[in-house]
Amino acid sequence: MKKTLRELAELVNGQVEGDPSIQIEGVAPLESAQPGEITYIKSRKYRHLLETTKASAVITPVQVESAQKNLLWTENPQLAFAKILSLYHHKPSRPTGIHETACINSNASLGSEVSIGPFTVVGENVSIGDRVAIHAGVFIGDNSTLGEDTVIHANVSIYDGVTIGKRVILHSGVVVGSDGFGYVRDGDGHFKIPQVGGVTIEDDVEIGANSTIDRGTMGQTVIRRGVKIDNLVQVAHNVVIGENSVIVAQVGIAGSSRIGRNVILAGQVGVADHIEIGDKVIVGAQAGVGKNIAPNQILQGSPTMPQRDFLRSSVLIPRLPQIKRTLEELVKRIEALESKIGK
Amino acid sequence: MKKTLRELAELVNGQVEGDPSIQIEGVAPLESAQPGEITYIKSRKYRHLLETTKASAVITPVQVESAQKNLLWTENPQLAFAKILSLYHHKPSRPTGIHETACINSNASLGSEVSIGPFTVVGENVSIGDRVAIHAGVFIGDNSTLGEDTVIHANVSIYDGVTIGKRVILHSGVVVGSDGFGYVRDGDGHFKIPQVGGVTIEDDVEIGANSTIDRGTMGQTVIRRGVKIDNLVQVAHNVVIGENSVIVAQVGIAGSSRIGRNVILAGQVGVADHIEIGDKVIVGAQAGVGKNIAPNQILQGSPTMPQRDFLRSSVLIPRLPQIKRTLEELVKRIEALESKIGK
Amino acid sequence: MKKTLRELAELVNGQVEGDPSIQIEGVAPLESAQPGEITYIKSRKYRHLLETTKASAVITPVQVESAQKNLLWTENPQLAFAKILSLYHHKPSRPTGIHETACINSNASLGSEVSIGPFTVVGENVSIGDRVAIHAGVFIGDNSTLGEDTVIHANVSIYDGVTIGKRVILHSGVVVGSDGFGYVRDGDGHFKIPQVGGVTIEDDVEIGANSTIDRGTMGQTVIRRGVKIDNLVQVAHNVVIGENSVIVAQVGIAGSSRIGRNVILAGQVGVADHIEIGDKVIVGAQAGVGKNIAPNQILQGSPTMPQRDFLRSSVLIPRLPQIKRTLEELVKRIEALESKIGK
């Protein structure tokens, strides 16, 4: 594909500084870009790199200047770059049509231009929206729903009664709708509480490989619009994750906790059950959240504390032996003083 | 389905306070229950909620009184509720019969009323007990055994030579019998130690989505009767987990460790290799177990300490900067004193 | 199978002390070995156990003596044992030939003696080397490559454009080539950065069950020769793991971090993004790596510190309440002294 720099500028609401008629054939990082390609710098402080890249054009913040390069000025160069990359990127392959081996219940409802890969199972009363792509080896249980333009990668398992919105992406190995982890003590053993609820995944959610979303015990586990979940994340029964929140790899969220909007949980964070985390909270990697968190806090540590406290106190942990020695020395010095002048 | 309150009371060995002949058509949580439904309160302290629920009957602890509601008195309301919920709950769908696409070795042995979903593979000499349900896309390696009434969800992988008991539930994406992680240093590289042992999963075990149970290097990895394992848990080679223990999501147990009976390992706990954890131990979330634990202890922290110590010391971590400042101030004050009166 | 002790000694470059003509029929651990079997002791300090084992021969370090047992002296008994175990071990079953249900694109290229199990999908332009074994339910996307003698276990998902070397083992549920976790803020939501890179897995790598390896955003995620990865490990986009490094279960490595050669990351370690870890570094379990690590360090803790500091300081954490009490007492005693003699 070829586009002129002017066409690309229009796509991202940017402004050309240089020759708008040059042809751009590809997209690449700064270091490896070749003539004919476009690249980007994230902020002004990298503008010296304009001299060394071989790219024919560079997306930059506005007001950046270059004697040699054609520039595309924009408010958010990274976003513009991502959009242009999407344009040039050869889309990964997807199944074409309904594969003859797919096992689709006669009471399932399929929209137009749906594609389904080999060895995929679609249960009774499943409803699949237009242009949905389901790869090979996927299982979709009875009474589940997939909205338009959703993509389900190979070997995903969706249990019965799961509702999935539009433009959702589930990566390989994701499990949605497995039983929540609930038992009642019954003598020596554990009586299984039937997990009769469901899962609702709203529009524009992406869930990474091998993550697991349990169904509600009663009621729903809910992943709201625009939430992005990384790989190997555990979301327990009846959890609600608010709009546009970001859940990084290997996070675990225990039962019935409610995560606000625009929250970021960094990698390997654990959230106990029945916790409320307010909007726009950021929780640092490996933190353990055992108490509710008010909105707009930045926390870290296990148990969590304000990140500022975490940074200040964690440098003192390795100095604890020194602190203890100093303390013991002081005790002796005070005893010496006391023995001289009395308590 | 409809049952009278008397019938439900008999099911759970409870006692009716009110009208035993009322018909109960459903089960719901306190807040959302409607007329015709039954709900429960867990303990006496919630008895004021009896006035506000719309439910026609409420399961309560004995001696709770209500002027308006029909009550079902029982020692353990949560257990009674779970049992009644099981009765009313529409069972999730399961395969019916042996699907024509399933690939079953002619030397496999199938009990009566076995159901097997599409695209499932059953290896040579596999033995499957009566009423076992195996969903779609499951792989069962040669010489493995599944006991009666076991349920294997979609896309589970069971390697060769795995023994699984009765009434076991394996959720989607579970892997049982993969090679343990064992190598011997050989020059610059690693020589793989053949993993020639197996896995034994006893009766009434449930294993959550995408958890992994490695086979023994030699001998068996053993999950004893009644153990409940949540999602994304790692159980390494030659681990033994004692009866009725509960392993919460994202726990990792390293090779050859032995977990006692009725142990609880909370979320994201890590257990080092060759550790022994005694019966009835409780390990708090994110703890790191690097030493043996005697029975009946409650521990937390990484490395673990008694939970009481953990709670007391962890509140002091954020105060370390203050402790250090106080200490430095004391040093100066003592120096001042010493300079006045001599050491 | 039977081999003489002399034949086994030749296999491992060892030396027989005793009868080289005895027949060895099997291999077992010290405690359970029976007559006719061979076992091993790892070091001299276990030589007293030679008296109690029933094994007919024992692999030992050189110079160990025994009046009763036939010995096989070798520099590295554990390595010799592993090699002999490999010899006797009945290899786990593998598919034979290409199963008739496998769905193989007509433009895929298959080497000689390739075996492919039921319900496996091989995409367009996939290249599969000689003697590769692919189990059931595997998905291999277009333009991927598998080198000679590689083994892919059941229900693995390999996306498009993944390059896998020779003698690689991927255990069940592994996902390779899923999209990296990259977005750009776009108003309230997140714009997905297309993940157009790939994954390169070099020769002799083994990856444990349900681990996930994301593709590069641009460029490659690289797992170098001889790396061993345990179960449930997360490797993010553009990570590079150096030769022969060992990554234990549930480790997470964030985007663009570079792990050196012969590194060991113990269980549940987290590595932040854009980190460099030098060669031969060892990071203890549950550590959180937020800064670069120079070669040859042994670190632990979250955040990491030298392991020696970690061991010394972590025993003081439970004593923090005592430290605080001592400090408060000293404050009072100093105040008393000061009030007597003035500051």
# chains A, B, ... in the order shown; residues from 1 in each chain; ligands from 1
$ interface_residues --of "chain B" --to "chain A" --cutoff "6 Å" --atoms "only C-alpha atoms" --output "list of chain:residue names"
B:Leu79, B:Ala82, B:Ser86, B:Asn244, B:Pro318, B:Leu320, B:Pro321
$ residues_around --residues "A:Asp279" --least-positions-apart "4" --cutoff "6 Å" --atoms "only C-alpha atoms" --output "short mmCIF file (atom, residue, chain, number, x, y, z; two decimals) with C-alpha atoms, in the first residue's frame"
data_model
loop_
_atom_site.label_atom_id
_atom_site.label_comp_id
_atom_site.auth_asym_id
_atom_site.auth_seq_id
_atom_site.Cartn_x
_atom_site.Cartn_y
_atom_site.Cartn_z
CA GLY A 260 -13.61 1.50 39.35
CA ARG A 261 -13.20 3.21 35.98
CA ASN A 262 -9.82 4.02 34.47
CA VAL A 263 -8.05 2.03 37.15
CA PRO A 295 -10.47 7.30 44.00
#
$ residues_around --residues "B:Gly197" --least-positions-apart "4" --cutoff "8 Å" --atoms "only C-alpha atoms" --output "ChimeraX atom specification"
/B:215-221
$ atom_distance --atom1 "atom CA of B:Lys291" --atom2 "atom CA of C:Ile41"
24.5 Å
$ residues_around --residues "A:Arg131" --least-positions-apart "6" --cutoff "9 Å" --atoms "only C-alpha atoms" --output "PyMOL selection string"
chain A and resi 111-115+148-151
$ select_by_dssp --residues "stretch 13-175 of chain C" --states "strand (DSSP E or B)" --output "PyMOL selection string"
chain C and resi 15-17+23-24+26-27+37-40+57-60+70-73+98+103-104+109-110+115-116+121-122+127-128+133-134+139-140+145-146+151-152+157-158+162-164+169-170+175
$ write_last_selection --atoms "N, CA and C atoms" --output "compact mmCIF listing (two decimals), in the first residue's frame"
# COMPACT_ATOMS: atom_id res chain seq x y z
N GLN C 15 32.97 -45.45 35.44
CA GLN C 15 33.89 -46.56 35.71
C GLN C 15 33.19 -47.53 36.66
N VAL C 16 33.26 -48.82 36.33
CA VAL C 16 32.60 -49.81 37.18
C VAL C 16 33.50 -50.20 38.34
N GLU C 17 32.96 -50.19 39.53
CA GLU C 17 33.61 -50.78 40.71
C GLU C 17 32.74 -51.96 41.13
N GLN C 23 23.34 -57.65 34.92
CA GLN C 23 22.29 -57.13 34.05
C GLN C 23 21.43 -56.14 34.82
N ILE C 24 21.23 -54.97 34.23
CA ILE C 24 20.37 -53.95 34.84
C ILE C 24 19.09 -53.84 34.01
N GLY C 26 16.25 -51.98 35.18
CA GLY C 26 15.40 -50.82 35.45
C GLY C 26 16.11 -49.78 36.28
N VAL C 27 15.44 -48.69 36.53
CA VAL C 27 15.99 -47.51 37.19
C VAL C 27 14.98 -47.06 38.23
N GLU C 37 17.80 -53.42 39.56
CA GLU C 37 17.70 -52.00 39.18
C GLU C 37 18.96 -51.22 39.59
N ILE C 38 19.12 -50.07 38.94
CA ILE C 38 20.21 -49.17 39.28
C ILE C 38 19.63 -47.90 39.89
N THR C 39 20.36 -47.31 40.85
CA THR C 39 19.92 -46.05 41.44
C THR C 39 21.14 -45.15 41.57
N TYR C 40 21.03 -44.05 42.33
CA TYR C 40 22.20 -43.17 42.47
C TYR C 40 22.19 -42.44 43.80
N ALA C 57 22.91 -52.00 41.64
CA ALA C 57 24.05 -51.13 41.35
C ALA C 57 23.68 -49.71 41.71
N VAL C 58 24.71 -48.93 42.05
CA VAL C 58 24.47 -47.55 42.45
C VAL C 58 25.48 -46.64 41.75
N ILE C 59 24.96 -45.59 41.14
CA ILE C 59 25.83 -44.57 40.56
C ILE C 59 26.30 -43.67 41.70
N THR C 60 27.60 -43.46 41.81
CA THR C 60 28.12 -42.65 42.92
C THR C 60 29.22 -41.73 42.40
N ASN C 70 27.64 -53.09 43.70
CA ASN C 70 28.31 -52.72 42.46
C ASN C 70 28.10 -51.23 42.25
N LEU C 71 29.20 -50.56 41.99
CA LEU C 71 29.11 -49.10 41.85
C LEU C 71 29.46 -48.66 40.43
N LEU C 72 28.90 -47.52 40.05
CA LEU C 72 29.27 -46.88 38.79
C LEU C 72 29.75 -45.49 39.16
N TRP C 73 31.09 -45.32 39.11
CA TRP C 73 31.69 -44.05 39.48
C TRP C 73 31.58 -43.04 38.34
N ILE C 98 -0.02 -38.93 10.15
CA ILE C 98 -0.89 -37.75 10.10
C ILE C 98 -2.32 -38.23 10.29
N CYS C 103 -6.33 -30.94 9.96
CA CYS C 103 -6.73 -30.01 8.90
C CYS C 103 -5.48 -29.25 8.47
N ILE C 104 -4.84 -29.72 7.41
CA ILE C 104 -3.53 -29.21 7.03
C ILE C 104 -3.63 -28.47 5.71
N SER C 109 4.27 -27.22 4.42
CA SER C 109 5.35 -28.12 4.00
C SER C 109 5.72 -29.01 5.18
N LEU C 110 5.62 -30.32 5.00
CA LEU C 110 5.88 -31.27 6.08
C LEU C 110 7.13 -32.09 5.78
N SER C 115 4.48 -36.51 12.69
CA SER C 115 3.22 -37.07 13.17
C SER C 115 2.33 -35.95 13.68
N ILE C 116 1.06 -36.02 13.34
CA ILE C 116 0.10 -34.97 13.70
C ILE C 116 -1.17 -35.64 14.20
N VAL C 121 -4.80 -28.14 13.49
CA VAL C 121 -4.91 -27.26 12.33
C VAL C 121 -3.53 -26.71 11.99
N VAL C 122 -3.11 -26.87 10.76
CA VAL C 122 -1.83 -26.35 10.29
C VAL C 122 -2.12 -25.38 9.15
N SER C 127 5.84 -24.43 7.85
CA SER C 127 6.90 -25.38 7.52
C SER C 127 7.22 -26.21 8.75
N ILE C 128 7.14 -27.53 8.61
CA ILE C 128 7.31 -28.44 9.75
C ILE C 128 8.47 -29.38 9.44
N ALA C 133 6.53 -33.94 16.20
CA ALA C 133 5.28 -34.56 16.67
C ALA C 133 4.36 -33.48 17.20
N ILE C 134 3.18 -33.41 16.62
CA ILE C 134 2.18 -32.43 17.05
C ILE C 134 0.96 -33.20 17.55
N PHE C 139 -3.34 -25.62 17.28
CA PHE C 139 -3.55 -24.66 16.21
C PHE C 139 -2.22 -24.03 15.84
N ILE C 140 -1.86 -24.07 14.57
CA ILE C 140 -0.63 -23.42 14.09
C ILE C 140 -1.02 -22.46 12.97
N THR C 145 6.92 -21.69 11.57
CA THR C 145 7.92 -22.68 11.23
C THR C 145 8.26 -23.50 12.47
N LEU C 146 8.34 -24.82 12.33
CA LEU C 146 8.76 -25.69 13.43
C LEU C 146 9.96 -26.50 12.98
N VAL C 151 8.41 -31.12 19.65
CA VAL C 151 7.18 -31.78 20.13
C VAL C 151 6.21 -30.71 20.63
N ILE C 152 5.01 -30.73 20.09
CA ILE C 152 3.96 -29.79 20.51
C ILE C 152 2.84 -30.62 21.14
N SER C 157 -1.62 -23.33 21.22
CA SER C 157 -2.02 -22.36 20.19
C SER C 157 -0.81 -21.55 19.73
N ILE C 158 -0.48 -21.65 18.47
CA ILE C 158 0.62 -20.89 17.89
C ILE C 158 0.03 -19.96 16.83
N VAL C 162 5.21 -17.37 13.66
CA VAL C 162 6.06 -17.73 14.79
C VAL C 162 7.13 -18.70 14.30
N THR C 163 8.38 -18.46 14.72
CA THR C 163 9.50 -19.32 14.30
C THR C 163 9.99 -20.13 15.49
N ILE C 164 9.91 -21.44 15.38
CA ILE C 164 10.28 -22.34 16.47
C ILE C 164 11.40 -23.25 15.98
N ILE C 169 10.17 -28.23 23.01
CA ILE C 169 8.99 -28.89 23.58
C ILE C 169 8.04 -27.82 24.09
N LEU C 170 6.83 -27.80 23.57
CA LEU C 170 5.79 -26.91 24.11
C LEU C 170 4.73 -27.77 24.77
N VAL C 175 0.56 -20.76 24.75
CA VAL C 175 0.14 -19.84 23.69
C VAL C 175 1.38 -19.05 23.25
$ atom_distance --atom1 "atom CA of C:Lys3" --atom2 "atom CA of C:Ala33"
16.4 Å
$ atom_distance --atom1 "atom CA of A:Arg47" --atom2 "atom CA of A:Gly18"
15.9 Å
